[in-house]
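J.: I am attaching a structure below and will ask some questions about it afterwards.
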Amino acid sequence: MKLFPIKQPKKNRGQAIVEFMLALPVLLMLLYGVIEVGRLIFIFSSVANASRQAARYGSASGEIDNVAFYQDCEGIRAVANQSAFIITFDEINITYDRGINPDGTSIPIEGIDPNPEEDACPIENYTVRNGDRIIVLVSAAYEPILTIVPFEPLNIISASARSFLISIPIVGNALPTGFAAETSTPSPAPTAITMTLTPSITPTSTATFIPTSVNMPKVTPENTQPPTSTFTPTNTALPTYTPSATATLISCSGVTGVSHGPLVINDNVMQMSITNNTGHILTAAQIYLEWNHDTGHISVTDRSLRLRQIMFARQVWDGNIQAPSAYIPLYYPKIPTGDSIIQFVFHQNYDVTDGTERIIINIANPGCVNYPVDSSH
């Protein structure tokens, strides 16, 4: 039987080319779509990262070249532009607010528009306080590389907000130099015992010589008892000890503790009343003060407030401090019993309050260390 090989049909190259031409547009469209989606995600990520990093820079504490970070507009925008690798940001707006209301709306600062689409940088330092926020808005436009299909540019916007600090009070409980105890009661010494010893010694010794031969005497001692000594004390009373006095525990909490009145400002004096119901004279370990140091006075030339003097129960401190807050150096006044008033005197009238006014008096006496006199409580 003769076998004949089966002939394979010849491949039609023309048909393959036609099929490839039909599939090529679909492949190109898919590849182009992947590229455009990647560009869109990259632009969105760059905008979000730029606003976040710029807000973090603006919320940092401290200064650079004598300019606070939240006022360094060029520095904030430069940090945002570091995220722009292959794109250009259309807007970088910087504004501020005082936080968020329970309903989600911003709490505005007087004279500042909290809308992120507005630019309020640089802000004056006398209008801000601890807890205020900086808001940085960054926007960029996305537009396809090829306008195959009519497509309007997409505006991508990201806004980030962070709180910043102007001053930080640090409250400690260190005892002042030369701290003395409230009262001192020496312990009585025991009465000394006087004893007189009278020894009575009665030795008895008798020797009798009985010669038994010439030149050889015999000695027989008669000693019936060794010497004895008898000590007779004249005072056998035991020492008497008087117990030491028990210290009275002081408590600065409750009705019998230390309380204060409201913080009051009259002319150039900030004052607060203090009531000491403990029945003991207390010692202040530290005195801390916050005030509107740079814009507290209404004037065209000098709006600052310098702390010049403190008066408390005839104990006076003199100095010259201009700062948002300060611990008063080397001033540890006594807090008398009953009612008293502590007064802080500035070099000119205190006209404008900014809500940061605060007085803290730490007490050194045991039992009162954890109960500072704080005007904000």
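Going through the structure tokens in order, the chains are called A, B, and so on, while each chain numbers its residues from 1 and the ligands are numbered from 1 in the order shown.
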Residues at most 9 Å from segment 85-96 of chain A, counting only C-alpha atoms, excluding those fewer than 4 positions away in the same chain, as a PyMOL selection string?

T.: chain A and resi 43+46-47+51+55+73+76-77+80-81+108-109+112-123+128+132-141+161

J.: Quick one: DSSP alpha helix (DSSP H) residues in segment 35-161 of chain A, as JSON, numbers by chain?

T.: {"A": [35, 36, 37, 38, 39, 40, 41, 42, 43, 44, 45, 46, 47, 48, 49, 50, 51, 52, 53, 54, 55, 56, 57, 58, 73, 74, 75, 76, 77, 78, 79, 80, 81]}

J.: Do you have the atom CA of Thr356 of chain A-atom CA of Arg314 of chain A distance handy?

T.: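 If I compute the distance from atom CA of Thr356 of chain A to atom CA of Arg314 of chain A, I get 27.2 Å.
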
J.: Quick one: of A:Cys252, A:Gly131, A:Leu330, A:Thr301, who's nearest to Ile107 of chain A, counting only C-alpha atoms?

T.: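 Distance minimum relative to Ile107 of chain A lands on A:Gly131.
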
J.: Just give me the gap between atom CA of Val26 of chain A and atom CA of Ile41 of chain A in Å, one decimal is fine.

T.: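 The value is 22.6 Å.
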
J.: Show me, as a PyMOL selection string, the residues that have an atom within 12 Å of Ser340 of chain A when counting only C-alpha atoms, minus same-chain residues fewer than 3 positions from it.

T.: chain A and resi 258-261+271-277+281+311-315+334-337+343

J.: With N, CA and C atoms retained, export the selected residues as a PDB file, in the first residue's frame.

T.:
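Produced file selection.pdb, reproduced below:
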```pdb
ATOM      1  N   VAL A 258      -5.598  76.326  98.886  1.00  0.00           N
ATOM      2  CA  VAL A 258      -5.260  77.609  98.268  1.00  0.00           C
ATOM      3  C   VAL A 258      -6.142  77.795  97.041  1.00  0.00           C
ATOM      4  N   SER A 259      -6.788  78.931  96.939  1.00  0.00           N
ATOM      5  CA  SER A 259      -7.630  79.262  95.796  1.00  0.00           C
ATOM      6  C   SER A 259      -7.244  80.629  95.256  1.00  0.00           C
ATOM      7  N   HIS A 260      -7.831  81.001  94.113  1.00  0.00           N
ATOM      8  CA  HIS A 260      -7.491  82.291  93.499  1.00  0.00           C
ATOM      9  C   HIS A 260      -8.726  82.884  92.831  1.00  0.00           C
ATOM     10  N   GLY A 261      -8.657  84.177  92.579  1.00  0.00           N
ATOM     11  CA  GLY A 261      -9.709  84.878  91.887  1.00  0.00           C
ATOM     12  C   GLY A 261      -9.398  85.019  90.410  1.00  0.00           C
ATOM     13  N   GLN A 271      -3.241  91.546  87.613  1.00  0.00           N
ATOM     14  CA  GLN A 271      -3.236  91.081  88.987  1.00  0.00           C
ATOM     15  C   GLN A 271      -4.215  89.925  89.179  1.00  0.00           C
ATOM     16  N   MET A 272      -4.022  89.213  90.300  1.00  0.00           N
ATOM     17  CA  MET A 272      -4.876  88.082  90.652  1.00  0.00           C
ATOM     18  C   MET A 272      -4.861  87.927  92.167  1.00  0.00           C
ATOM     19  N   SER A 273      -6.028  87.752  92.750  1.00  0.00           N
ATOM     20  CA  SER A 273      -6.135  87.561  94.193  1.00  0.00           C
ATOM     21  C   SER A 273      -5.883  86.104  94.550  1.00  0.00           C
ATOM     22  N   ILE A 274      -5.260  85.870  95.710  1.00  0.00           N
ATOM     23  CA  ILE A 274      -4.933  84.528  96.190  1.00  0.00           C
ATOM     24  C   ILE A 274      -5.428  84.401  97.626  1.00  0.00           C
ATOM     25  N   THR A 275      -6.085  83.296  97.933  1.00  0.00           N
ATOM     26  CA  THR A 275      -6.586  83.034  99.277  1.00  0.00           C
ATOM     27  C   THR A 275      -5.907  81.784  99.821  1.00  0.00           C
ATOM     28  N   ASN A 276      -5.182  81.945 100.924  1.00  0.00           N
ATOM     29  CA  ASN A 276      -4.459  80.839 101.564  1.00  0.00           C
ATOM     30  C   ASN A 276      -5.194  80.444 102.836  1.00  0.00           C
ATOM     31  N   ASN A 277      -5.934  79.335 102.783  1.00  0.00           N
ATOM     32  CA  ASN A 277      -6.700  78.854 103.933  1.00  0.00           C
ATOM     33  C   ASN A 277      -6.023  77.700 104.656  1.00  0.00           C
ATOM     34  N   ILE A 281       2.126  79.760 106.398  1.00  0.00           N
ATOM     35  CA  ILE A 281       2.775  80.602 105.400  1.00  0.00           C
ATOM     36  C   ILE A 281       3.476  79.686 104.402  1.00  0.00           C
ATOM     37  N   MET A 311       4.783  92.762  92.554  1.00  0.00           N
ATOM     38  CA  MET A 311       4.544  93.069  93.961  1.00  0.00           C
ATOM     39  C   MET A 311       3.593  92.028  94.535  1.00  0.00           C
ATOM     40  N   PHE A 312       4.026  91.416  95.648  1.00  0.00           N
ATOM     41  CA  PHE A 312       3.225  90.383  96.288  1.00  0.00           C
ATOM     42  C   PHE A 312       3.531  90.387  97.785  1.00  0.00           C
ATOM     43  N   ALA A 313       2.562  90.845  98.558  1.00  0.00           N
ATOM     44  CA  ALA A 313       2.692  90.873 100.021  1.00  0.00           C
ATOM     45  C   ALA A 313       3.986  91.566 100.446  1.00  0.00           C
ATOM     46  N   ARG A 314       4.235  92.768  99.887  1.00  0.00           N
ATOM     47  CA  ARG A 314       5.402  93.592 100.186  1.00  0.00           C
ATOM     48  C   ARG A 314       6.730  92.952  99.774  1.00  0.00           C
ATOM     49  N   GLN A 315       6.655  91.960  98.910  1.00  0.00           N
ATOM     50  CA  GLN A 315       7.866  91.332  98.368  1.00  0.00           C
ATOM     51  C   GLN A 315       7.960  91.732  96.899  1.00  0.00           C
ATOM     52  N   LYS A 334       6.936  84.615  99.816  1.00  0.00           N
ATOM     53  CA  LYS A 334       6.099  83.903 100.761  1.00  0.00           C
ATOM     54  C   LYS A 334       4.629  84.218 100.477  1.00  0.00           C
ATOM     55  N   ILE A 335       3.781  83.206 100.627  1.00  0.00           N
ATOM     56  CA  ILE A 335       2.339  83.383 100.432  1.00  0.00           C
ATOM     57  C   ILE A 335       1.701  83.437 101.813  1.00  0.00           C
ATOM     58  N   PRO A 336       1.270  84.604 102.263  1.00  0.00           N
ATOM     59  CA  PRO A 336       0.727  84.716 103.624  1.00  0.00           C
ATOM     60  C   PRO A 336      -0.625  84.039 103.729  1.00  0.00           C
ATOM     61  N   THR A 337      -1.038  83.802 104.956  1.00  0.00           N
ATOM     62  CA  THR A 337      -2.363  83.242 105.187  1.00  0.00           C
ATOM     63  C   THR A 337      -3.424  84.301 104.909  1.00  0.00           C
ATOM     64  N   GLN A 343       0.614  91.292  91.837  1.00  0.00           N
ATOM     65  CA  GLN A 343       0.470  92.300  90.778  1.00  0.00           C
ATOM     66  C   GLN A 343       1.711  92.276  89.883  1.00  0.00           C
TER      67      GLN A 343
END
```

J.: Would you please work out which residue, of A:Phe151, A:Tyr142, A:Trp291, A:Phe44, is nearest to Glu357 of chain A when using only C-alpha atoms?

T.: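 For Glu357 of chain A, the nearest of the candidates is A:Trp291.
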
J.: Write out as a list in words which residues come within 9 Å of segment 320-327 of chain A when counting only C-alpha atoms, dropping same-chain ones fewer than 3 positions away.

T.: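 Once the adjacent positions are removed, what remains is Ile166, Ser167, Ile168, Pro169, Ile170, Val171, Gln286, Ile287, Tyr288, Leu289, Glu290, Trp291, Asn292, His293, Asp294, Ser304, Leu305, Arg306, Leu307, Arg308, Gln309, Phe346, His347, Thr356 and Arg358 of chain A.
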
J.: Kindly save the residues from that selection, with C-alpha atoms included, as a PDB file, in the first residue's frame.

T.:
```pdb
ATOM      1  CA  ILE A 166       4.026  80.259  69.166  1.00  0.00           C
ATOM      2  CA  SER A 167       5.221  79.625  72.733  1.00  0.00           C
ATOM      3  CA  ILE A 168       5.268  76.613  75.038  1.00  0.00           C
ATOM      4  CA  PRO A 169       4.973  77.033  78.818  1.00  0.00           C
ATOM      5  CA  ILE A 170       7.134  74.593  80.748  1.00  0.00           C
ATOM      6  CA  VAL A 171       6.012  74.174  84.349  1.00  0.00           C
ATOM      7  CA  GLN A 286       8.303  79.282  90.664  1.00  0.00           C
ATOM      8  CA  ILE A 287       6.232  82.063  89.147  1.00  0.00           C
ATOM      9  CA  TYR A 288       5.311  81.846  85.451  1.00  0.00           C
ATOM     10  CA  LEU A 289       3.625  84.547  83.340  1.00  0.00           C
ATOM     11  CA  GLU A 290       2.235  84.787  79.796  1.00  0.00           C
ATOM     12  CA  TRP A 291       1.212  88.101  78.242  1.00  0.00           C
ATOM     13  CA  ASN A 292       0.755  89.926  74.924  1.00  0.00           C
ATOM     14  CA  HIS A 293       4.340  91.146  74.856  1.00  0.00           C
ATOM     15  CA  ASP A 294       4.513  92.602  71.330  1.00  0.00           C
ATOM     16  CA  SER A 304       5.248  96.176  73.194  1.00  0.00           C
ATOM     17  CA  LEU A 305       4.765  95.456  76.898  1.00  0.00           C
ATOM     18  CA  ARG A 306       7.794  94.966  79.129  1.00  0.00           C
ATOM     19  CA  LEU A 307       7.434  93.407  82.566  1.00  0.00           C
ATOM     20  CA  ARG A 308       9.115  95.799  84.978  1.00  0.00           C
ATOM     21  CA  GLN A 309       7.943  94.856  88.480  1.00  0.00           C
ATOM     22  CA  PHE A 346       4.303  96.716  82.805  1.00  0.00           C
ATOM     23  CA  HIS A 347       6.079  99.761  81.414  1.00  0.00           C
ATOM     24  CA  THR A 356      -2.814  83.888  76.177  1.00  0.00           C
ATOM     25  CA  ARG A 358      -1.895  83.310  82.276  1.00  0.00           C
TER      26      ARG A 358
END
```

J.: As a ChimeraX atom specification, please: the residues near Asn266 of chain A (cut-off 9 Å, only C-alpha atoms, same-chain neighbours under 4 positions excluded).

T.: /A:270-271,349-350

J.: Using the selection just defined, write its residues with C-alpha atoms as a tab-separated table (two decimals), in the first residue's frame.

T.:
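Contents of again03.tsv, as written:
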```
chain	number	residue	atom	x	y	z
A	270	MET	CA	-2.16	92.53	85.65
A	271	GLN	CA	-3.24	91.08	88.99
A	349	ASN	CA	-0.82	100.36	79.61
A	350	TYR	CA	-2.07	96.88	78.77
```

J.: Which of these residues is nearest to Ser251 of chain A, using only C-alpha atoms: A:Leu28, A:Ala364, A:Val352, A:Ala159?

T.: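 When distances to Ser251 of chain A are compared using only C-alpha atoms, the smallest one comes from A:Ala364.
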